[in-house]
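Pasting upload-v3.cif here (mmCIF, C-alpha atoms):
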```cif
data_input
loop_
_atom_site.group_PDB
_atom_site.id
_atom_site.type_symbol
_atom_site.label_atom_id
_atom_site.label_comp_id
_atom_site.auth_asym_id
_atom_site.auth_seq_id
_atom_site.Cartn_x
_atom_site.Cartn_y
_atom_site.Cartn_z
ATOM 1 C CA ASP A 1 -113.031 -65.655 -114.053
ATOM 2 C CA ALA A 2 -112.390 -67.331 -110.712
ATOM 3 C CA GLY A 3 -115.450 -65.916 -108.999
ATOM 4 C CA VAL A 4 -113.394 -65.804 -105.830
ATOM 5 C CA THR A 5 -111.063 -62.829 -105.787
ATOM 6 C CA GLN A 6 -107.983 -62.452 -103.648
ATOM 7 C CA SER A 7 -105.666 -59.536 -103.061
ATOM 8 C CA PRO A 8 -102.873 -58.858 -103.328
ATOM 9 C CA THR A 9 -101.514 -61.388 -105.822
ATOM 10 C CA HIS A 10 -97.970 -61.148 -104.546
ATOM 11 C CA LEU A 11 -96.463 -59.862 -101.331
ATOM 12 C CA ILE A 12 -92.945 -59.659 -99.947
ATOM 13 C CA LYS A 13 -92.489 -59.176 -96.213
ATOM 14 C CA THR A 14 -89.667 -59.310 -93.717
ATOM 15 C CA ARG A 15 -89.460 -61.685 -90.772
ATOM 16 C CA GLY A 16 -91.358 -60.382 -87.766
ATOM 17 C CA GLN A 17 -93.735 -58.259 -89.792
ATOM 18 C CA GLN A 18 -97.470 -58.691 -90.015
ATOM 19 C CA VAL A 19 -99.534 -59.274 -93.162
ATOM 20 C CA THR A 20 -103.198 -59.098 -94.109
ATOM 21 C CA LEU A 21 -104.620 -60.984 -97.070
ATOM 22 C CA ARG A 22 -108.098 -60.399 -98.442
ATOM 23 C CA CYS A 23 -110.738 -62.520 -100.102
ATOM 24 C CA SER A 24 -114.123 -61.903 -101.691
ATOM 25 C CA PRO A 25 -116.151 -65.090 -102.102
ATOM 26 C CA LYS A 26 -118.058 -66.142 -105.169
ATOM 27 C CA SER A 27 -121.411 -64.416 -105.420
ATOM 28 C CA GLY A 28 -123.993 -66.252 -103.328
ATOM 29 C CA HIS A 29 -121.434 -68.031 -101.160
ATOM 30 C CA ASP A 30 -121.440 -67.499 -97.409
ATOM 31 C CA THR A 31 -118.583 -69.692 -96.202
ATOM 32 C CA VAL A 32 -114.909 -68.884 -96.623
ATOM 33 C CA SER A 33 -111.956 -71.155 -95.927
ATOM 34 C CA TRP A 34 -108.267 -70.326 -96.022
ATOM 35 C CA TYR A 35 -105.546 -72.729 -97.075
ATOM 36 C CA GLN A 36 -101.757 -72.577 -97.115
ATOM 37 C CA GLN A 37 -100.027 -74.287 -100.015
ATOM 38 C CA ALA A 38 -96.281 -74.716 -99.680
ATOM 39 C CA LEU A 39 -94.243 -75.479 -102.772
ATOM 40 C CA GLY A 40 -94.785 -79.044 -103.922
ATOM 41 C CA GLN A 41 -97.516 -79.681 -101.378
ATOM 42 C CA GLY A 42 -101.281 -79.777 -101.361
ATOM 43 C CA PRO A 43 -103.418 -77.119 -99.705
ATOM 44 C CA GLN A 44 -103.364 -77.256 -95.894
ATOM 45 C CA PHE A 45 -106.488 -76.055 -94.101
ATOM 46 C CA ILE A 46 -105.993 -73.006 -91.868
ATOM 47 C CA PHE A 47 -109.540 -72.103 -90.803
ATOM 48 C CA GLN A 48 -113.101 -71.599 -91.977
ATOM 49 C CA TYR A 49 -115.438 -68.677 -91.410
ATOM 50 C CA TYR A 50 -119.209 -68.758 -91.453
ATOM 51 C CA GLU A 51 -121.631 -66.151 -90.114
ATOM 52 C CA GLU A 52 -118.657 -63.983 -89.180
ATOM 53 C CA GLU A 53 -117.244 -66.575 -86.799
ATOM 54 C CA GLU A 54 -114.377 -69.021 -87.019
ATOM 55 C CA ARG A 55 -116.146 -72.333 -87.286
ATOM 56 C CA GLN A 56 -113.260 -74.729 -87.597
ATOM 57 C CA ARG A 57 -109.508 -74.441 -87.397
ATOM 58 C CA GLY A 58 -106.639 -76.512 -88.689
ATOM 59 C CA ASN A 59 -103.277 -77.110 -87.076
ATOM 60 C CA PHE A 60 -101.937 -73.580 -87.322
ATOM 61 C CA PRO A 61 -100.623 -71.364 -84.507
ATOM 62 C CA ASP A 62 -102.471 -68.397 -83.082
ATOM 63 C CA ARG A 63 -100.278 -66.110 -85.189
ATOM 64 C CA PHE A 64 -102.781 -66.924 -87.905
ATOM 65 C CA SER A 65 -106.079 -65.169 -87.373
ATOM 66 C CA GLY A 66 -108.957 -64.109 -89.507
ATOM 67 C CA HIS A 67 -112.152 -62.240 -89.853
ATOM 68 C CA GLN A 68 -115.321 -62.411 -91.878
ATOM 69 C CA PHE A 69 -117.363 -59.346 -92.656
ATOM 70 C CA PRO A 70 -121.148 -59.031 -93.038
ATOM 71 C CA ASN A 71 -120.764 -59.127 -96.841
ATOM 72 C CA TYR A 72 -119.030 -62.547 -96.443
ATOM 73 C CA SER A 73 -115.625 -61.262 -97.484
ATOM 74 C CA SER A 74 -112.743 -62.339 -95.318
ATOM 75 C CA GLU A 75 -109.258 -61.450 -94.177
ATOM 76 C CA LEU A 76 -106.364 -63.610 -93.121
ATOM 77 C CA ASN A 77 -103.840 -62.040 -90.768
ATOM 78 C CA VAL A 78 -100.461 -63.476 -89.967
ATOM 79 C CA ASN A 79 -98.381 -61.913 -87.177
ATOM 80 C CA ALA A 80 -94.683 -62.256 -86.425
ATOM 81 C CA LEU A 81 -93.917 -63.692 -89.850
ATOM 82 C CA LEU A 82 -91.446 -66.541 -90.128
ATOM 83 C CA LEU A 83 -89.496 -67.671 -93.175
ATOM 84 C CA GLY A 84 -91.603 -70.832 -93.122
ATOM 85 C CA ASP A 85 -94.749 -68.814 -93.708
ATOM 86 C CA SER A 86 -93.662 -68.286 -97.303
ATOM 87 C CA ALA A 87 -96.331 -70.003 -99.375
ATOM 88 C CA LEU A 88 -99.319 -69.565 -101.633
ATOM 89 C CA TYR A 89 -102.381 -68.667 -99.565
ATOM 90 C CA LEU A 90 -105.637 -69.795 -101.066
ATOM 91 C CA CYS A 91 -109.128 -68.655 -100.276
ATOM 92 C CA ALA A 92 -112.033 -70.969 -101.057
ATOM 93 C CA SER A 93 -115.724 -70.307 -100.806
ATOM 94 C CA GLU A 94 -118.864 -72.399 -100.817
ATOM 95 C CA GLY A 95 -122.529 -71.815 -100.265
ATOM 96 C CA GLY A 96 -125.225 -73.168 -98.017
ATOM 97 C CA GLY A 97 -123.033 -72.929 -94.940
ATOM 98 C CA ALA A 98 -120.830 -75.652 -96.408
ATOM 99 C CA THR A 99 -121.953 -79.248 -96.696
ATOM 100 C CA TYR A 100 -120.311 -82.564 -97.423
ATOM 101 C CA ASN A 101 -121.449 -82.291 -101.018
ATOM 102 C CA SER A 102 -120.480 -78.740 -101.875
ATOM 103 C CA PRO A 103 -117.261 -78.362 -103.837
ATOM 104 C CA LEU A 104 -114.848 -75.572 -103.024
ATOM 105 C CA HIS A 105 -114.418 -72.613 -105.349
ATOM 106 C CA PHE A 106 -110.878 -71.267 -105.146
ATOM 107 C CA GLY A 107 -109.295 -67.931 -105.846
ATOM 108 C CA ASN A 108 -105.981 -67.528 -107.625
ATOM 109 C CA GLY A 109 -104.162 -67.120 -104.334
ATOM 110 C CA THR A 110 -101.718 -64.693 -102.767
ATOM 111 C CA ARG A 111 -98.053 -65.580 -103.069
ATOM 112 C CA LEU A 112 -96.367 -64.513 -99.810
ATOM 113 C CA THR A 113 -92.583 -64.386 -99.608
ATOM 114 C CA VAL A 114 -90.955 -63.777 -96.246
ATOM 115 C CA THR A 115 -87.316 -62.679 -96.335
ATOM 116 C CA ALA B 1 -106.998 -87.750 -88.652
ATOM 117 C CA GLN B 2 -107.827 -88.247 -92.278
ATOM 118 C CA SER B 3 -104.888 -88.543 -94.671
ATOM 119 C CA VAL B 4 -104.727 -88.625 -98.457
ATOM 120 C CA SER B 5 -101.871 -90.130 -100.450
ATOM 121 C CA GLN B 6 -101.069 -89.387 -104.050
ATOM 122 C CA HIS B 7 -98.278 -91.720 -105.002
ATOM 123 C CA ASN B 8 -97.323 -90.206 -108.339
ATOM 124 C CA HIS B 9 -95.773 -86.810 -107.713
ATOM 125 C CA HIS B 10 -94.556 -86.207 -111.261
ATOM 126 C CA VAL B 11 -95.895 -87.823 -114.396
ATOM 127 C CA ILE B 12 -94.662 -87.162 -117.922
ATOM 128 C CA LEU B 13 -96.621 -88.509 -120.880
ATOM 129 C CA SER B 14 -96.850 -88.065 -124.616
ATOM 130 C CA GLU B 15 -100.095 -87.009 -126.212
ATOM 131 C CA ALA B 16 -102.592 -89.862 -126.726
ATOM 132 C CA ALA B 17 -101.103 -91.896 -123.886
ATOM 133 C CA SER B 18 -103.417 -93.181 -121.188
ATOM 134 C CA LEU B 19 -103.366 -91.671 -117.714
ATOM 135 C CA GLU B 20 -104.040 -93.065 -114.283
ATOM 136 C CA LEU B 21 -103.261 -91.086 -111.135
ATOM 137 C CA GLY B 22 -103.526 -92.831 -107.811
ATOM 138 C CA CYS B 23 -105.294 -91.537 -104.707
ATOM 139 C CA ASN B 24 -105.675 -93.415 -101.448
ATOM 140 C CA TYR B 25 -107.250 -92.193 -98.235
ATOM 141 C CA SER B 26 -107.178 -93.426 -94.687
ATOM 142 C CA TYR B 27 -110.726 -93.034 -93.330
ATOM 143 C CA GLY B 28 -112.912 -96.127 -93.387
ATOM 144 C CA GLY B 29 -116.342 -94.555 -93.019
ATOM 145 C CA THR B 30 -118.517 -92.631 -95.426
ATOM 146 C CA VAL B 31 -116.479 -90.279 -97.577
ATOM 147 C CA ASN B 32 -117.011 -87.725 -100.286
ATOM 148 C CA LEU B 33 -114.229 -87.654 -102.847
ATOM 149 C CA PHE B 34 -112.988 -84.968 -105.188
ATOM 150 C CA TRP B 35 -110.372 -84.377 -107.825
ATOM 151 C CA TYR B 36 -109.305 -80.787 -108.423
ATOM 152 C CA VAL B 37 -107.098 -79.513 -111.229
ATOM 153 C CA GLN B 38 -104.902 -76.449 -111.446
ATOM 154 C CA TYR B 39 -103.892 -75.459 -114.971
ATOM 155 C CA PRO B 40 -100.804 -73.233 -115.312
ATOM 156 C CA GLY B 41 -101.615 -69.709 -114.154
ATOM 157 C CA GLN B 42 -105.158 -70.597 -113.162
ATOM 158 C CA HIS B 43 -107.035 -71.298 -109.949
ATOM 159 C CA LEU B 44 -107.836 -74.709 -108.542
ATOM 160 C CA GLN B 45 -111.073 -75.997 -110.026
ATOM 161 C CA LEU B 46 -113.239 -79.048 -109.617
ATOM 162 C CA LEU B 47 -112.625 -81.868 -112.076
ATOM 163 C CA LEU B 48 -115.081 -84.410 -110.692
ATOM 164 C CA LYS B 49 -116.652 -85.627 -107.450
ATOM 165 C CA TYR B 50 -118.138 -88.744 -105.902
ATOM 166 C CA PHE B 51 -120.793 -88.747 -103.213
ATOM 167 C CA SER B 52 -122.740 -91.960 -103.627
ATOM 168 C CA GLY B 53 -124.164 -94.340 -106.232
ATOM 169 C CA ASP B 54 -122.227 -95.458 -109.287
ATOM 170 C CA PRO B 55 -118.585 -95.718 -108.216
ATOM 171 C CA LEU B 56 -117.440 -94.718 -111.691
ATOM 172 C CA VAL B 57 -117.843 -90.975 -112.044
ATOM 173 C CA LYS B 58 -117.244 -88.844 -115.083
ATOM 174 C CA GLY B 59 -115.960 -85.307 -114.997
ATOM 175 C CA ILE B 60 -115.013 -82.574 -117.363
ATOM 176 C CA LYS B 61 -112.655 -82.935 -120.336
ATOM 177 C CA GLY B 62 -112.987 -86.713 -120.593
ATOM 178 C CA PHE B 63 -111.698 -87.512 -117.123
ATOM 179 C CA GLU B 64 -113.211 -90.219 -114.967
ATOM 180 C CA ALA B 65 -112.488 -91.714 -111.557
ATOM 181 C CA GLU B 66 -113.390 -94.971 -109.882
ATOM 182 C CA PHE B 67 -114.185 -95.283 -106.183
ATOM 183 C CA ILE B 68 -113.082 -98.650 -104.810
ATOM 184 C CA LYS B 69 -114.197 -98.751 -101.194
ATOM 185 C CA SER B 70 -112.339 -101.945 -100.337
ATOM 186 C CA LYS B 71 -109.065 -100.373 -101.477
ATOM 187 C CA PHE B 72 -109.750 -96.891 -100.048
ATOM 188 C CA SER B 73 -108.931 -95.568 -103.487
ATOM 189 C CA PHE B 74 -110.245 -93.005 -105.924
ATOM 190 C CA ASN B 75 -107.982 -93.136 -108.970
ATOM 191 C CA LEU B 76 -108.255 -90.638 -111.784
ATOM 192 C CA ARG B 77 -108.127 -91.855 -115.394
ATOM 193 C CA LYS B 78 -108.187 -90.545 -118.916
ATOM 194 C CA PRO B 79 -107.869 -92.828 -121.950
ATOM 195 C CA SER B 80 -105.987 -90.363 -124.124
ATOM 196 C CA VAL B 81 -104.313 -87.247 -122.745
ATOM 197 C CA GLN B 82 -103.807 -83.990 -124.584
ATOM 198 C CA TRP B 83 -101.136 -81.323 -124.249
ATOM 199 C CA SER B 84 -103.789 -79.109 -122.640
ATOM 200 C CA ASP B 85 -104.084 -81.580 -119.740
ATOM 201 C CA THR B 86 -100.728 -80.371 -118.436
ATOM 202 C CA ALA B 87 -101.572 -79.295 -114.886
ATOM 203 C CA GLU B 88 -101.400 -80.126 -111.178
ATOM 204 C CA TYR B 89 -103.988 -82.635 -109.995
ATOM 205 C CA PHE B 90 -105.146 -82.848 -106.384
ATOM 206 C CA CYS B 91 -107.240 -85.502 -104.732
ATOM 207 C CA ALA B 92 -109.367 -84.409 -101.754
ATOM 208 C CA VAL B 93 -111.483 -86.332 -99.267
ATOM 209 C CA ARG B 94 -114.250 -85.279 -96.908
ATOM 210 C CA GLY B 95 -115.297 -87.625 -94.135
ATOM 211 C CA GLY B 96 -114.864 -88.620 -90.535
ATOM 212 C CA GLY B 97 -117.460 -86.184 -89.308
ATOM 213 C CA SER B 98 -115.712 -83.165 -90.787
ATOM 214 C CA TYR B 99 -116.753 -81.343 -93.928
ATOM 215 C CA ILE B 100 -113.296 -79.823 -94.199
ATOM 216 C CA PRO B 101 -111.613 -81.627 -97.096
ATOM 217 C CA THR B 102 -108.130 -83.069 -96.746
ATOM 218 C CA PHE B 103 -105.958 -82.698 -99.827
ATOM 219 C CA GLY B 104 -103.224 -84.894 -101.169
ATOM 220 C CA ARG B 105 -99.889 -83.328 -102.067
ATOM 221 C CA GLY B 106 -100.750 -83.294 -105.745
ATOM 222 C CA THR B 107 -99.425 -84.775 -108.968
ATOM 223 C CA SER B 108 -97.726 -82.675 -111.585
ATOM 224 C CA LEU B 109 -98.659 -83.914 -115.059
ATOM 225 C CA ILE B 110 -96.698 -82.818 -118.113
ATOM 226 C CA VAL B 111 -97.967 -83.888 -121.514
ATOM 227 C CA HIS B 112 -95.597 -83.543 -124.441
ATOM 228 C CA PRO B 113 -97.138 -82.775 -127.840
#
```

Entire entry expressed as structure tokens:
Amino acid sequence: DAGVTQSPTHLIKTRGQQVTLRCSPKSGHDTVSWYQQALGQGPQFIFQYYEEEERQRGNFPDRFSGHQFPNYSSELNVNALLLGDSALYLCASEGGGATYNSPLHFGNGTRLTVT
Amino acid sequence: AQSVSQHNHHVILSEAASLELGCNYSYGGTVNLFWYVQYPGQHLQLLLKYFSGDPLVKGIKGFEAEFIKSKFSFNLRKPSVQWSDTAEYFCAVRGGGSYIPTFGRGTSLIVHP
């Protein structure tokens, strides 16, 4: 049991379309981060949400946006999909507003394929 | 910006062989270090972490890692691997004023029975 749940598990979209991925954090966690993991690469940080606001953002274009709800769950939206957006999208949660010491708890990810 | 290098991208071992996976990072200040593991079909999970104190840290399943500050390294070791250790291993570093961890590209470990 991952604790962090993501949906859907797999998704196939066409270039130019928009996609929404969802994440429920581990119980008791209030901070959600999204990562993109391309094949053969490590997770790349997209952004982090805390108290329903984007707190920090990685080097991703504005086509990538997100939201956090009052129950701490989160969505990742990607507009105008490109072939290069094909990847595994990981959601990670942590508690206490995130600290240097808190490890990340990951979900199983959503495999997005853009054709 | 912080960077993390994992030099071994693919490692193939036989059971009972010893394992050492390299991890080097670029930031010279205070860092928090992690190793995560992803078993086939499972989510990424924490293997071990270093924050301060004894530079030799022990994690789950017999793994350990040594923080060598002078070498900017945090290598993962296991004296005797098992087939069940087959997985992807990721090193991650927090530091430089950001609590967002930077991940290495990972090492794929295959252990033959």

Quick check on the file I pasted: which residues fall under the PyMOL selection byres ((chain B and resi 66-83) around 6)? Write them as a PyMOL selection string. chain B and resi 15-25+55-56+63-65+84-86+111-113

What are the residues of chain A that have an atom within 9 Å of an atom of chain B, counting only C-alpha atoms, as an mmCIF file with C-alpha atoms, in the frame of the given file?
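Result file iface.cif:
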```
data_model
loop_
_atom_site.group_PDB
_atom_site.id
_atom_site.type_symbol
_atom_site.label_atom_id
_atom_site.label_comp_id
_atom_site.auth_asym_id
_atom_site.auth_seq_id
_atom_site.Cartn_x
_atom_site.Cartn_y
_atom_site.Cartn_z
ATOM 1 C CA ALA A 2 -112.390 -67.331 -110.712
ATOM 2 C CA SER A 33 -111.956 -71.155 -95.927
ATOM 3 C CA GLY A 40 -94.785 -79.044 -103.922
ATOM 4 C CA GLN A 41 -97.516 -79.681 -101.378
ATOM 5 C CA GLY A 42 -101.281 -79.777 -101.361
ATOM 6 C CA PRO A 43 -103.418 -77.119 -99.705
ATOM 7 C CA GLN A 44 -103.364 -77.256 -95.894
ATOM 8 C CA PHE A 45 -106.488 -76.055 -94.101
ATOM 9 C CA GLN A 48 -113.101 -71.599 -91.977
ATOM 10 C CA GLN A 56 -113.260 -74.729 -87.597
ATOM 11 C CA ALA A 98 -120.830 -75.652 -96.408
ATOM 12 C CA THR A 99 -121.953 -79.248 -96.696
ATOM 13 C CA TYR A 100 -120.311 -82.564 -97.423
ATOM 14 C CA ASN A 101 -121.449 -82.291 -101.018
ATOM 15 C CA PRO A 103 -117.261 -78.362 -103.837
ATOM 16 C CA LEU A 104 -114.848 -75.572 -103.024
ATOM 17 C CA HIS A 105 -114.418 -72.613 -105.349
ATOM 18 C CA PHE A 106 -110.878 -71.267 -105.146
ATOM 19 C CA GLY A 107 -109.295 -67.931 -105.846
ATOM 20 C CA ASN A 108 -105.981 -67.528 -107.625
ATOM 21 C CA GLY A 109 -104.162 -67.120 -104.334
#
```

Running the PyMOL selection byres ((chain A and resi 26-28) around 6) on this model by hand, what would come out? Give it as a PyMOL selection string. chain A and resi 3-4+25+29

Using the chain letters and numbers from the file, which residues does the PyMOL selection byres ((chain A and resi 6-9) around 8) grab, as number ranges by chain? A: 4-5, 10-11, 21-24, 91, 107-111

Straight-line distance linking CA of Arg63 (chain A) with CA of Asn77 (chain A), stated in Å to one decimal: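 Here the two named atoms are 7.8 Å from each other.
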
Which residues are close to Arg57 (chain A), i.e. within 8 Å by only C-alpha atoms, leaving aside same-chain residues fewer than 2 positions away? Reply as a PyMOL selection string. chain A and resi 45-48+54-55+59-60

Can you spit out the residues from that selection as a short mmCIF file (atom, residue, chain, number, x, y, z; two decimals), in the frame of the given file, using C-alpha atoms?
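See part00.cif below for the written result:
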```cif
data_model
loop_
_atom_site.label_atom_id
_atom_site.label_comp_id
_atom_site.auth_asym_id
_atom_site.auth_seq_id
_atom_site.Cartn_x
_atom_site.Cartn_y
_atom_site.Cartn_z
CA PHE A 45 -106.49 -76.06 -94.10
CA ILE A 46 -105.99 -73.01 -91.87
CA PHE A 47 -109.54 -72.10 -90.80
CA GLN A 48 -113.10 -71.60 -91.98
CA GLU A 54 -114.38 -69.02 -87.02
CA ARG A 55 -116.15 -72.33 -87.29
CA ASN A 59 -103.28 -77.11 -87.08
CA PHE A 60 -101.94 -73.58 -87.32
#
```

Which residue gives the smallest distance to Ala92 (chain A) among A:Gln18, A:Leu112, A:Ser73, A:Glu51, with all atoms listed in the file counted?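 Closest candidate: A:Ser73.
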
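Between CA of Tyr35 (chain A) and CA of Ile12 (chain B) the interatomic distance comes to 27.6 Å.
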
Mind pulling up the distance from CA of Gly16 (chain A) to CA of Leu81 (chain A)?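 Answer for the CA of Leu81 (chain A) to CA of Gly16 (chain A) separation: 4.7 Å.
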
Restricting to all atoms listed in the file, whichever of A:Ile12, A:Trp34, A:Leu39, A:Leu82 is closest to Gly58 (chain A) is A:Trp34
